Amino acid sequence: MKKVVLAYSGGLDTSCIVKWLTEQGYDVICFVADLGQGLGQGESFEAIEERALAAGASKVYIKDLQDEFVQDFVLPALKANAIYEGKYLLSTALGRPLIAKYLVEIAHKEKANAIAHGCTGKGNDQVRLEVGVGILDPKLEIIAPVRAWEFKSREEEIEYAKMHNIPIDVTKKRPYSIDRNIWGISIEAGVLEDLEQEPPEDAYMITKNPTIQVSYPKYIEVYFERGIPKKIDGRLYKLKTLIGHLNEIGGLYGVGRSDLVENRLVGIKSREIYEAPAATILHIAHKELEALVLDRELAHFKEIISLKYSELVYNGLWYSPLKGALDSFVNATQKHVSGTIKLKLFKGNCVAAARKSSHSLYKKELSTYGKEDKFDQKLAEGFIKIWGMPYKR
Ligand code: ARG
């Protein structure tokens with residue numbers, strides 16, 4: 001019998017896929033990745049497992065991958081300052097290569113010859129999963145039922161699920177398409193498709209409305225060691241817990257929302273909104289610290305790398321040789337990225353209030369306009385003459 005490992009979420013699409021694949025003659029093994037997606041009300045991993053079995057799966061793997069996700073995927077992207085099109089902190093994009101890794105691992109363990117997913121044929125996620133799997137094991141067959149099957153609407157899928165006694169709760173469905181993990185939430189579809197409308201408040205899940213905030217700002221201190229966030233307000237945290245903590249504080253102050261029209265890899269422009277409080281806070285803090293400790297050449301060159309890095313992540317090339325090579329560069333730049341950044345959170349904003357590092361290249365005796373000035377201004381004259389020399393005709 002043909003065996004397939006399916007990336008299973010517990011939702012309507014992937015539940016129908018389980019049944020549909022069994023009808024095509026497959027033995028279906030479901031894999032559920034826990035990336036901190038914050039299950040909905042009344043939902044549990046036990047319930048998801050039962051649903052998969054009820055839909056016809058022969059076996060279900062549920063794996064808590066949150067630590068691996070933050071350590072091996074989120075952290076490299078943070079060190080690289082990877083932000084897509086200036087606004088998207090890549091939460092969804094970073095999760096996919098990890099899911100691909102486990103699909104392949106489970107396929108090997110189970111001696112399956114195929115993997116399957118529930119992505120549509122219009123998005124980036126199909127590319128990320130399939131290119132990821134293809135790099136890790138090019139021999140595995142890939143099945144994307146949503147691109148191929150006969151269902152034309154959600155209603156038809158619900159009908160199919162009912163007919164086959166797949167226990168789906170269709171009543172609680174929010175009017176958006178949501179992808180969530182510990183690094184952020186991506187929200188699209190529904191009224192968000194209308195570019196002339198501001199996203200309704202109910203579309204946001206973890207950030208308070210920045211305009212109806214408390215009257216005082218919140219200060220927090222983030223301490224980094226070689227580019228890795230270690231402490232908040234002097235307290236040591238495990239990375240996953242630190243991110244969870246910053247999501248809560250940031251969310252309370254409305255920090256981390258973004259609304260963008262982005263360029264998908266498949267050539268479509270789409271409108272999506274994001275919530276990523278911890279990611280936003282950490283990116284800002286990290287960048288502020290780098291401003292202090294990286295010399296100009298390194299800092300400016302690293303910006304070019306950040307841009308490329310974000311494209312590679314967005315475009316599903318996590319396991320590509322270039323991405324690996326860029327990681328080596330980025331890691332080398334983090335040698336002196338240690339220190340503390342104090343941030344002020346207020347009404348959706350997050351700005352640096354104080355900076356401190358023993359590796360700081362800031363020298364007050366050089367920049368000061370006060371009497372402690374040690375900068376020899378006479379030297380500037382010769383420097384400018386030579387610097388401008390090539391441009392004189
Ligand atoms: N546009 C984002 C990306 O390509 C998120 C895609 C998934 N979004 C969603 N709401 N299901 O990374």
# chains A, B, ... in the order shown; residues from 1 in each chain; ligands from 1
$ residues_near_ligand --ligand "ligand 1" --cutoff "7 Å" --atoms "only C-alpha atoms and all ligand atoms" --output "ChimeraX atom specification"
/A:90-93,123-125,177-179,186-188,264,272,314
$ select_by_dssp --residues "stretch 137-225 of chain A" --states "strand (DSSP E or B)" --output "ChimeraX atom specification"
/A:141-143,177-181,184-188,218-225
$ write_last_selection --atoms "N, CA, C and O atoms" --output "compact mmCIF listing (two decimals), in the first residue's frame"
# COMPACT_ATOMS: atom_id res chain seq x y z
N GLU A 141 7.71 11.70 -3.15
CA GLU A 141 6.65 12.26 -4.00
C GLU A 141 5.88 13.30 -3.18
O GLU A 141 5.79 13.19 -1.96
N ILE A 142 5.36 14.32 -3.85
CA ILE A 142 4.62 15.35 -3.12
C ILE A 142 3.19 15.45 -3.65
O ILE A 142 2.97 15.52 -4.86
N ILE A 143 2.25 15.41 -2.71
CA ILE A 143 0.85 15.48 -3.11
C ILE A 143 0.22 16.74 -2.49
O ILE A 143 0.32 16.97 -1.29
N SER A 177 -8.38 33.90 7.10
CA SER A 177 -7.45 32.79 7.06
C SER A 177 -6.28 33.15 7.97
O SER A 177 -5.66 34.20 7.81
N ILE A 178 -6.00 32.26 8.92
CA ILE A 178 -5.02 32.61 9.94
C ILE A 178 -3.91 31.58 10.03
O ILE A 178 -4.17 30.38 9.99
N ASP A 179 -2.68 32.06 10.11
CA ASP A 179 -1.58 31.15 10.42
C ASP A 179 -0.86 31.73 11.62
O ASP A 179 -0.44 32.88 11.61
N ARG A 180 -0.73 30.92 12.65
CA ARG A 180 -0.16 31.44 13.89
C ARG A 180 0.94 30.55 14.41
O ARG A 180 0.87 29.32 14.34
N ASN A 181 1.99 31.18 14.92
CA ASN A 181 2.98 30.46 15.72
C ASN A 181 3.54 31.42 16.76
O ASN A 181 3.08 32.57 16.86
N GLY A 184 4.60 34.93 15.52
CA GLY A 184 3.65 35.91 15.00
C GLY A 184 2.41 35.30 14.39
O GLY A 184 2.29 34.07 14.30
N ILE A 185 1.50 36.16 14.01
CA ILE A 185 0.24 35.72 13.41
C ILE A 185 0.08 36.39 12.05
O ILE A 185 0.30 37.59 11.92
N SER A 186 -0.32 35.61 11.05
CA SER A 186 -0.61 36.14 9.72
C SER A 186 -2.11 36.02 9.50
O SER A 186 -2.68 34.95 9.70
N ILE A 187 -2.72 37.12 9.08
CA ILE A 187 -4.18 37.12 8.93
C ILE A 187 -4.54 37.67 7.55
O ILE A 187 -4.13 38.77 7.21
N GLU A 188 -5.30 36.89 6.79
CA GLU A 188 -5.70 37.39 5.48
C GLU A 188 -7.12 36.94 5.13
O GLU A 188 -7.77 36.26 5.89
N LYS A 218 5.46 51.91 28.88
CA LYS A 218 6.10 50.81 29.61
C LYS A 218 7.56 50.74 29.16
O LYS A 218 7.84 50.72 27.97
N TYR A 219 8.46 50.71 30.12
CA TYR A 219 9.88 50.54 29.79
C TYR A 219 10.30 49.11 30.04
O TYR A 219 9.95 48.53 31.07
N ILE A 220 11.04 48.54 29.10
CA ILE A 220 11.63 47.22 29.34
C ILE A 220 13.08 47.21 28.85
O ILE A 220 13.43 47.91 27.91
N GLU A 221 13.88 46.39 29.51
CA GLU A 221 15.28 46.27 29.11
C GLU A 221 15.53 44.87 28.55
O GLU A 221 15.23 43.88 29.20
N VAL A 222 16.10 44.84 27.35
CA VAL A 222 16.44 43.54 26.74
C VAL A 222 17.95 43.42 26.69
O VAL A 222 18.64 44.30 26.18
N TYR A 223 18.45 42.33 27.24
CA TYR A 223 19.89 42.09 27.25
C TYR A 223 20.24 40.99 26.23
O TYR A 223 19.63 39.92 26.23
N PHE A 224 21.19 41.29 25.35
CA PHE A 224 21.64 40.33 24.33
C PHE A 224 23.06 39.87 24.62
O PHE A 224 23.88 40.64 25.12
N GLU A 225 23.34 38.62 24.23
CA GLU A 225 24.70 38.11 24.27
C GLU A 225 25.03 37.54 22.90
O GLU A 225 24.36 36.60 22.45
$ select_by_dssp --residues "stretch 214-252 of chain A" --states "alpha helix (DSSP H)" --output "VMD selection string"
chain A and resid 239 to 252
$ write_last_selection --atoms "N, CA and C atoms" --output "PDB file, in the first residue's frame"
ATOM      1  N   LEU A 239      14.767  31.065  25.564  1.00  0.00           N
ATOM      2  CA  LEU A 239      14.319  31.855  24.408  1.00  0.00           C
ATOM      3  C   LEU A 239      12.804  31.785  24.171  1.00  0.00           C
ATOM      4  N   LYS A 240      12.255  30.587  24.251  1.00  0.00           N
ATOM      5  CA  LYS A 240      10.822  30.426  23.999  1.00  0.00           C
ATOM      6  C   LYS A 240       9.995  31.218  25.019  1.00  0.00           C
ATOM      7  N   THR A 241      10.406  31.158  26.273  1.00  0.00           N
ATOM      8  CA  THR A 241       9.679  31.858  27.337  1.00  0.00           C
ATOM      9  C   THR A 241       9.837  33.367  27.186  1.00  0.00           C
ATOM     10  N   LEU A 242      11.051  33.783  26.804  1.00  0.00           N
ATOM     11  CA  LEU A 242      11.322  35.200  26.601  1.00  0.00           C
ATOM     12  C   LEU A 242      10.407  35.765  25.500  1.00  0.00           C
ATOM     13  N   ILE A 243      10.261  35.009  24.434  1.00  0.00           N
ATOM     14  CA  ILE A 243       9.405  35.451  23.325  1.00  0.00           C
ATOM     15  C   ILE A 243       7.939  35.502  23.789  1.00  0.00           C
ATOM     16  N   GLY A 244       7.519  34.479  24.514  1.00  0.00           N
ATOM     17  CA  GLY A 244       6.146  34.451  25.028  1.00  0.00           C
ATOM     18  C   GLY A 244       5.857  35.655  25.915  1.00  0.00           C
ATOM     19  N   HIS A 245       6.827  35.971  26.760  1.00  0.00           N
ATOM     20  CA  HIS A 245       6.701  37.094  27.680  1.00  0.00           C
ATOM     21  C   HIS A 245       6.591  38.417  26.905  1.00  0.00           C
ATOM     22  N   LEU A 246       7.447  38.588  25.908  1.00  0.00           N
ATOM     23  CA  LEU A 246       7.418  39.833  25.120  1.00  0.00           C
ATOM     24  C   LEU A 246       6.145  39.929  24.270  1.00  0.00           C
ATOM     25  N   ASN A 247       5.611  38.793  23.845  1.00  0.00           N
ATOM     26  CA  ASN A 247       4.338  38.830  23.119  1.00  0.00           C
ATOM     27  C   ASN A 247       3.250  39.406  24.006  1.00  0.00           C
ATOM     28  N   GLU A 248       3.267  39.010  25.281  1.00  0.00           N
ATOM     29  CA  GLU A 248       2.243  39.511  26.198  1.00  0.00           C
ATOM     30  C   GLU A 248       2.391  41.006  26.457  1.00  0.00           C
ATOM     31  N   ILE A 249       3.604  41.424  26.851  1.00  0.00           N
ATOM     32  CA  ILE A 249       3.810  42.843  27.150  1.00  0.00           C
ATOM     33  C   ILE A 249       3.558  43.689  25.905  1.00  0.00           C
ATOM     34  N   GLY A 250       4.167  43.293  24.815  1.00  0.00           N
ATOM     35  CA  GLY A 250       4.025  44.062  23.574  1.00  0.00           C
ATOM     36  C   GLY A 250       2.564  44.158  23.149  1.00  0.00           C
ATOM     37  N   GLY A 251       1.870  43.025  23.230  1.00  0.00           N
ATOM     38  CA  GLY A 251       0.464  42.991  22.834  1.00  0.00           C
ATOM     39  C   GLY A 251      -0.378  43.966  23.641  1.00  0.00           C
ATOM     40  N   LEU A 252      -0.049  44.067  24.909  1.00  0.00           N
ATOM     41  CA  LEU A 252      -0.774  44.966  25.822  1.00  0.00           C
ATOM     42  C   LEU A 252      -0.631  46.431  25.407  1.00  0.00           C
TER      43      LEU A 252
END
$ atom_distance --atom1 "atom CA of A:Asn315" --atom2 "atom CA of A:Glu193"
22.1 Å
$ closest_residue --among "A:Leu12, A:Ala7, A:Leu317, A:Leu312" --to "A:Ile135" --atoms "only C-alpha atoms"
A:Leu317
$ atom_distance --atom1 "atom CA of A:Arg174" --atom2 "atom CA of A:Leu89"
23.1 Å
$ atom_distance --atom1 "atom CA of A:Ile48" --atom2 "atom CA of A:Val313"
28.9 Å
$ closest_residue --among "A:Gly267, A:Phe375, A:Ile115, A:Asn81" --to "A:Ala299" --atoms "only C-alpha atoms"
A:Asn81
$ closest_residue --among "A:Leu21, A:Val133, A:Ile99, A:Ala291" --to "A:Ser320" --atoms "only C-alpha atoms"
A:Val133
$ closest_residue --among "A:Glu303, A:Glu311, A:Glu198, A:Asp295" --to "A:Ser360" --atoms "only C-alpha atoms"
A:Asp295
$ residues_around --residues "A:Asp27" --least-positions-apart "3" --cutoff "7 Å" --atoms "only C-alpha atoms" --output "PyMOL selection string"
chain A and resi 1-4+22+58
